[in-house]
Structures are given as C-alpha cells and as structure tokens.
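This is model_13.cif (mmCIF, N, CA and C atoms and all ligand atoms).
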data_protein
#
loop_
_atom_site.label_atom_id
_atom_site.label_comp_id
_atom_site.auth_asym_id
_atom_site.auth_seq_id
_atom_site.Cartn_x
_atom_site.Cartn_y
_atom_site.Cartn_z
N MET I 7 -50.03 51.44 9.38
CA MET I 7 -49.04 50.87 8.46
C MET I 7 -49.27 51.41 7.05
N PRO I 8 -48.22 51.70 6.36
CA PRO I 8 -48.38 52.22 5.01
C PRO I 8 -48.84 51.14 4.04
N ILE I 9 -49.65 51.56 3.09
CA ILE I 9 -50.08 50.66 2.03
C ILE I 9 -49.43 51.12 0.73
N TYR I 10 -48.77 50.18 0.09
CA TYR I 10 -48.11 50.49 -1.17
C TYR I 10 -48.85 49.81 -2.31
N GLU I 11 -48.85 50.50 -3.43
CA GLU I 11 -49.43 49.91 -4.63
C GLU I 11 -48.32 49.52 -5.58
N TYR I 12 -48.46 48.36 -6.14
CA TYR I 12 -47.47 47.89 -7.11
C TYR I 12 -48.16 47.56 -8.42
N ARG I 13 -47.45 47.76 -9.50
CA ARG I 13 -47.95 47.33 -10.80
C ARG I 13 -46.95 46.40 -11.42
N CYS I 14 -47.47 45.29 -11.91
CA CYS I 14 -46.61 44.29 -12.52
C CYS I 14 -46.23 44.74 -13.93
N LEU I 15 -44.97 44.67 -14.23
CA LEU I 15 -44.49 45.07 -15.56
C LEU I 15 -44.75 43.96 -16.58
N LYS I 16 -45.06 42.79 -16.09
CA LYS I 16 -45.23 41.65 -16.98
C LYS I 16 -46.69 41.43 -17.35
N CYS I 17 -47.57 41.33 -16.35
CA CYS I 17 -48.99 41.04 -16.63
C CYS I 17 -49.87 42.27 -16.45
N GLY I 18 -49.33 43.36 -15.88
CA GLY I 18 -50.08 44.60 -15.77
C GLY I 18 -51.01 44.67 -14.58
N GLU I 19 -51.04 43.65 -13.76
CA GLU I 19 -51.90 43.66 -12.58
C GLU I 19 -51.41 44.70 -11.57
N VAL I 20 -52.36 45.38 -10.94
CA VAL I 20 -52.03 46.31 -9.86
C VAL I 20 -52.57 45.74 -8.56
N PHE I 21 -51.74 45.72 -7.55
CA PHE I 21 -52.19 45.19 -6.26
C PHE I 21 -51.58 46.00 -5.14
N GLU I 22 -52.28 46.00 -4.00
CA GLU I 22 -51.82 46.75 -2.83
C GLU I 22 -51.15 45.81 -1.85
N VAL I 23 -50.13 46.33 -1.21
CA VAL I 23 -49.42 45.56 -0.20
C VAL I 23 -49.30 46.41 1.05
N ILE I 24 -49.77 45.85 2.16
CA ILE I 24 -49.56 46.53 3.44
C ILE I 24 -48.20 46.11 3.96
N GLN I 25 -47.34 47.09 4.17
CA GLN I 25 -45.95 46.80 4.52
C GLN I 25 -45.59 47.39 5.86
N ARG I 26 -44.97 46.59 6.67
CA ARG I 26 -44.35 47.15 7.86
C ARG I 26 -43.03 47.78 7.46
N PHE I 27 -42.56 48.70 8.29
CA PHE I 27 -41.32 49.39 7.97
C PHE I 27 -40.14 48.40 7.93
N SER I 28 -40.30 47.31 8.66
CA SER I 28 -39.22 46.33 8.71
C SER I 28 -39.23 45.41 7.49
N ASP I 29 -40.36 45.42 6.75
CA ASP I 29 -40.45 44.54 5.59
C ASP I 29 -39.62 45.07 4.43
N LYS I 30 -39.14 44.15 3.64
CA LYS I 30 -38.44 44.54 2.43
C LYS I 30 -39.45 44.92 1.36
N ASP I 31 -39.01 45.71 0.41
CA ASP I 31 -39.86 46.04 -0.72
C ASP I 31 -40.23 44.78 -1.48
N ARG I 32 -41.49 44.74 -1.89
CA ARG I 32 -41.92 43.61 -2.72
C ARG I 32 -41.41 43.84 -4.14
N THR I 33 -40.82 42.83 -4.70
CA THR I 33 -40.26 42.97 -6.04
C THR I 33 -40.86 41.98 -7.02
N GLN I 34 -41.77 41.13 -6.53
CA GLN I 34 -42.37 40.12 -7.40
C GLN I 34 -43.88 40.28 -7.43
N CYS I 35 -44.45 40.13 -8.62
CA CYS I 35 -45.90 40.09 -8.77
C CYS I 35 -46.45 38.88 -8.02
N LYS I 36 -47.56 39.11 -7.29
CA LYS I 36 -48.12 37.98 -6.54
C LYS I 36 -48.89 37.02 -7.44
N PHE I 37 -49.13 37.45 -8.68
CA PHE I 37 -49.86 36.60 -9.62
C PHE I 37 -48.93 35.78 -10.51
N CYS I 38 -47.96 36.47 -11.12
CA CYS I 38 -47.14 35.77 -12.11
C CYS I 38 -45.66 35.78 -11.74
N LYS I 39 -45.31 36.37 -10.59
CA LYS I 39 -43.92 36.44 -10.12
C LYS I 39 -43.05 37.32 -11.01
N GLY I 40 -43.70 38.13 -11.84
CA GLY I 40 -42.95 39.05 -12.69
C GLY I 40 -42.42 40.24 -11.90
N LYS I 41 -41.64 41.05 -12.57
CA LYS I 41 -41.06 42.22 -11.92
C LYS I 41 -42.14 43.29 -11.74
N VAL I 42 -42.11 43.99 -10.60
CA VAL I 42 -43.11 45.01 -10.33
C VAL I 42 -42.44 46.36 -10.08
N GLU I 43 -43.23 47.42 -10.28
CA GLU I 43 -42.78 48.76 -9.90
C GLU I 43 -43.74 49.30 -8.88
N ARG I 44 -43.23 50.14 -7.97
CA ARG I 44 -44.08 50.68 -6.93
C ARG I 44 -44.76 51.96 -7.43
N LEU I 45 -46.03 52.07 -7.18
CA LEU I 45 -46.79 53.26 -7.57
C LEU I 45 -46.98 54.16 -6.37
N ILE I 46 -47.30 55.41 -6.66
CA ILE I 46 -47.70 56.32 -5.59
C ILE I 46 -49.08 55.91 -5.11
N SER I 47 -49.27 55.87 -3.80
CA SER I 47 -50.54 55.46 -3.24
C SER I 47 -51.68 56.29 -3.80
N SER I 48 -52.75 55.64 -4.25
CA SER I 48 -53.86 56.35 -4.86
C SER I 48 -54.59 57.23 -3.85
N SER I 49 -54.61 56.81 -2.60
CA SER I 49 -55.33 57.59 -1.60
C SER I 49 -54.63 58.92 -1.33
N SER I 50 -53.32 58.93 -1.25
CA SER I 50 -52.61 60.18 -1.01
C SER I 50 -52.61 61.05 -2.27
N PHE I 51 -52.67 60.41 -3.43
CA PHE I 51 -52.74 61.13 -4.68
C PHE I 51 -54.06 61.90 -4.76
N GLN I 52 -55.16 61.26 -4.39
CA GLN I 52 -56.46 61.93 -4.43
C GLN I 52 -56.52 63.06 -3.41
N THR I 53 -55.91 62.87 -2.26
CA THR I 53 -55.87 63.93 -1.27
C THR I 53 -55.14 65.15 -1.81
N GLY I 54 -54.08 64.90 -2.57
CA GLY I 54 -53.31 65.99 -3.16
C GLY I 54 -54.13 66.79 -4.13
N ILE I 55 -54.95 66.12 -4.94
CA ILE I 55 -55.82 66.83 -5.88
C ILE I 55 -56.84 67.68 -5.12
N PHE I 56 -57.40 67.10 -4.10
CA PHE I 56 -58.41 67.81 -3.32
C PHE I 56 -57.83 69.10 -2.71
N GLU I 57 -56.64 68.97 -2.17
CA GLU I 57 -56.04 70.14 -1.52
C GLU I 57 -55.64 71.22 -2.52
N ALA I 58 -55.42 70.82 -3.76
CA ALA I 58 -54.97 71.77 -4.77
C ALA I 58 -56.11 72.68 -5.24
N ARG I 59 -57.36 72.26 -4.98
CA ARG I 59 -58.48 73.06 -5.49
C ARG I 59 -58.74 74.29 -4.62
ZN ZN F 101 -47.77 39.82 -12.91
#
For this file, write the structure as structure tokens.
Amino acid sequence: MPIYEYRCLKCGEVFEVIQRFSDKDRTQCKFCKGKVERLISSSSFQTGIFEAR
C-alpha cells in the first residue's frame, strides 16, 4: 500500500498516511483539522537522489 506524506498548512505538522487505492485523499490535519497538502514520499525522493549519483 502506498504511504503518503502530508503537511498541515495550519500547524506545520507532517504526518504519514497509509492509503488504500479506494480511500479518498486526506484533506484534514489529524492534529488540528487544518487544511493539508500532500508531499512527495520521502522514501522515493531519497531513492531518486541515490540513483542520480
Ligand atoms: Zn495541523
């Protein structure tokens, strides 16, 4: 299952969410219920750097 990272635009918290394909995108911070944006997964980002070398 894919893991998505979200960052809250309100409190700045970053948290990971394991999502099934059938799940809807998370749009609320789990801490303050503020609006969140989805980040690129840090694990795939690091893999990209490694492959670039
Ligand atoms: Zn928040």
Neighbouring residues of Ile24 (chain I) were defined as those with any atom within 5 Å, considering only N, CA and C atoms; residues of the same chain fewer than 3 positions away were excluded. Please report them as a PDB file with N, CA and C atoms, keeping the file's coordinate frame.
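The resulting file, selection_17.pdb, is shown below:
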ATOM      1  N   PRO I   8     -48.220  51.700   6.360  1.00  0.00           N
ATOM      2  CA  PRO I   8     -48.380  52.220   5.010  1.00  0.00           C
ATOM      3  C   PRO I   8     -48.840  51.140   4.040  1.00  0.00           C
ATOM      4  N   ILE I   9     -49.650  51.560   3.090  1.00  0.00           N
ATOM      5  CA  ILE I   9     -50.080  50.660   2.030  1.00  0.00           C
ATOM      6  C   ILE I   9     -49.430  51.120   0.730  1.00  0.00           C
ATOM      7  N   TYR I  10     -48.770  50.180   0.090  1.00  0.00           N
ATOM      8  CA  TYR I  10     -48.110  50.490  -1.170  1.00  0.00           C
ATOM      9  C   TYR I  10     -48.850  49.810  -2.310  1.00  0.00           C
TER      10      TYR I  10
END
Could you list, with a cut-off of 12 Å and counting only C-alpha atoms and all ligand atoms, the residues of chain I near ligand ZN 101 (chain F), each shown with its nearest atom pair and the distance in Å rounded to one decimal, rows sorted by chain and ascending number, as JSON lines?
{"residue": "I:Tyr12", "atom": "CA", "partner": "F:ZN101", "partner_atom": "ZN", "distance": 9.9}
{"residue": "I:Arg13", "atom": "CA", "partner": "F:ZN101", "partner_atom": "ZN", "distance": 7.8}
{"residue": "I:Cys14", "atom": "CA", "partner": "F:ZN101", "partner_atom": "ZN", "distance": 4.6}
{"residue": "I:Leu15", "atom": "CA", "partner": "F:ZN101", "partner_atom": "ZN", "distance": 6.7}
{"residue": "I:Lys16", "atom": "CA", "partner": "F:ZN101", "partner_atom": "ZN", "distance": 5.1}
{"residue": "I:Cys17", "atom": "CA", "partner": "F:ZN101", "partner_atom": "ZN", "distance": 4.1}
{"residue": "I:Gly18", "atom": "CA", "partner": "F:ZN101", "partner_atom": "ZN", "distance": 6.0}
{"residue": "I:Glu19", "atom": "CA", "partner": "F:ZN101", "partner_atom": "ZN", "distance": 5.6}
{"residue": "I:Val20", "atom": "CA", "partner": "F:ZN101", "partner_atom": "ZN", "distance": 8.3}
{"residue": "I:Phe21", "atom": "CA", "partner": "F:ZN101", "partner_atom": "ZN", "distance": 9.6}
{"residue": "I:Thr33", "atom": "CA", "partner": "F:ZN101", "partner_atom": "ZN", "distance": 10.7}
{"residue": "I:Gln34", "atom": "CA", "partner": "F:ZN101", "partner_atom": "ZN", "distance": 7.7}
{"residue": "I:Cys35", "atom": "CA", "partner": "F:ZN101", "partner_atom": "ZN", "distance": 4.6}
{"residue": "I:Lys36", "atom": "CA", "partner": "F:ZN101", "partner_atom": "ZN", "distance": 6.6}
{"residue": "I:Phe37", "atom": "CA", "partner": "F:ZN101", "partner_atom": "ZN", "distance": 5.1}
{"residue": "I:Cys38", "atom": "CA", "partner": "F:ZN101", "partner_atom": "ZN", "distance": 4.2}
{"residue": "I:Lys39", "atom": "CA", "partner": "F:ZN101", "partner_atom": "ZN", "distance": 5.8}
{"residue": "I:Gly40", "atom": "CA", "partner": "F:ZN101", "partner_atom": "ZN", "distance": 4.9}
{"residue": "I:Lys41", "atom": "CA", "partner": "F:ZN101", "partner_atom": "ZN", "distance": 7.2}
{"residue": "I:Val42", "atom": "CA", "partner": "F:ZN101", "partner_atom": "ZN", "distance": 7.4}
{"residue": "I:Glu43", "atom": "CA", "partner": "F:ZN101", "partner_atom": "ZN", "distance": 10.7}
Grab all the atoms of region 19-35 of chain I that the file lists, wrap them in a box along x, y and z, add 8 Å per side, and give me centre plus edge lengths in Å (one decimal) as JSON.
{"center_x": -45.5, "center_y": 44.1, "center_z": -2.5, "size_x": 30.1, "size_y": 26.5, "size_z": 38.5}
I'd like the interatomic distance between CA of Leu45 (chain I) and CA of Ser28 (chain I), to a tenth of an Å.
19.2 Å
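For the pair atom C of Gln25 (chain I) and atom C of Met7 (chain I), the separation is 5.6 Å.
For the atom pair formed by atom C of Arg26 (chain I) and atom C of Glu11 (chain I), the distance is 14.2 Å, given to one decimal.
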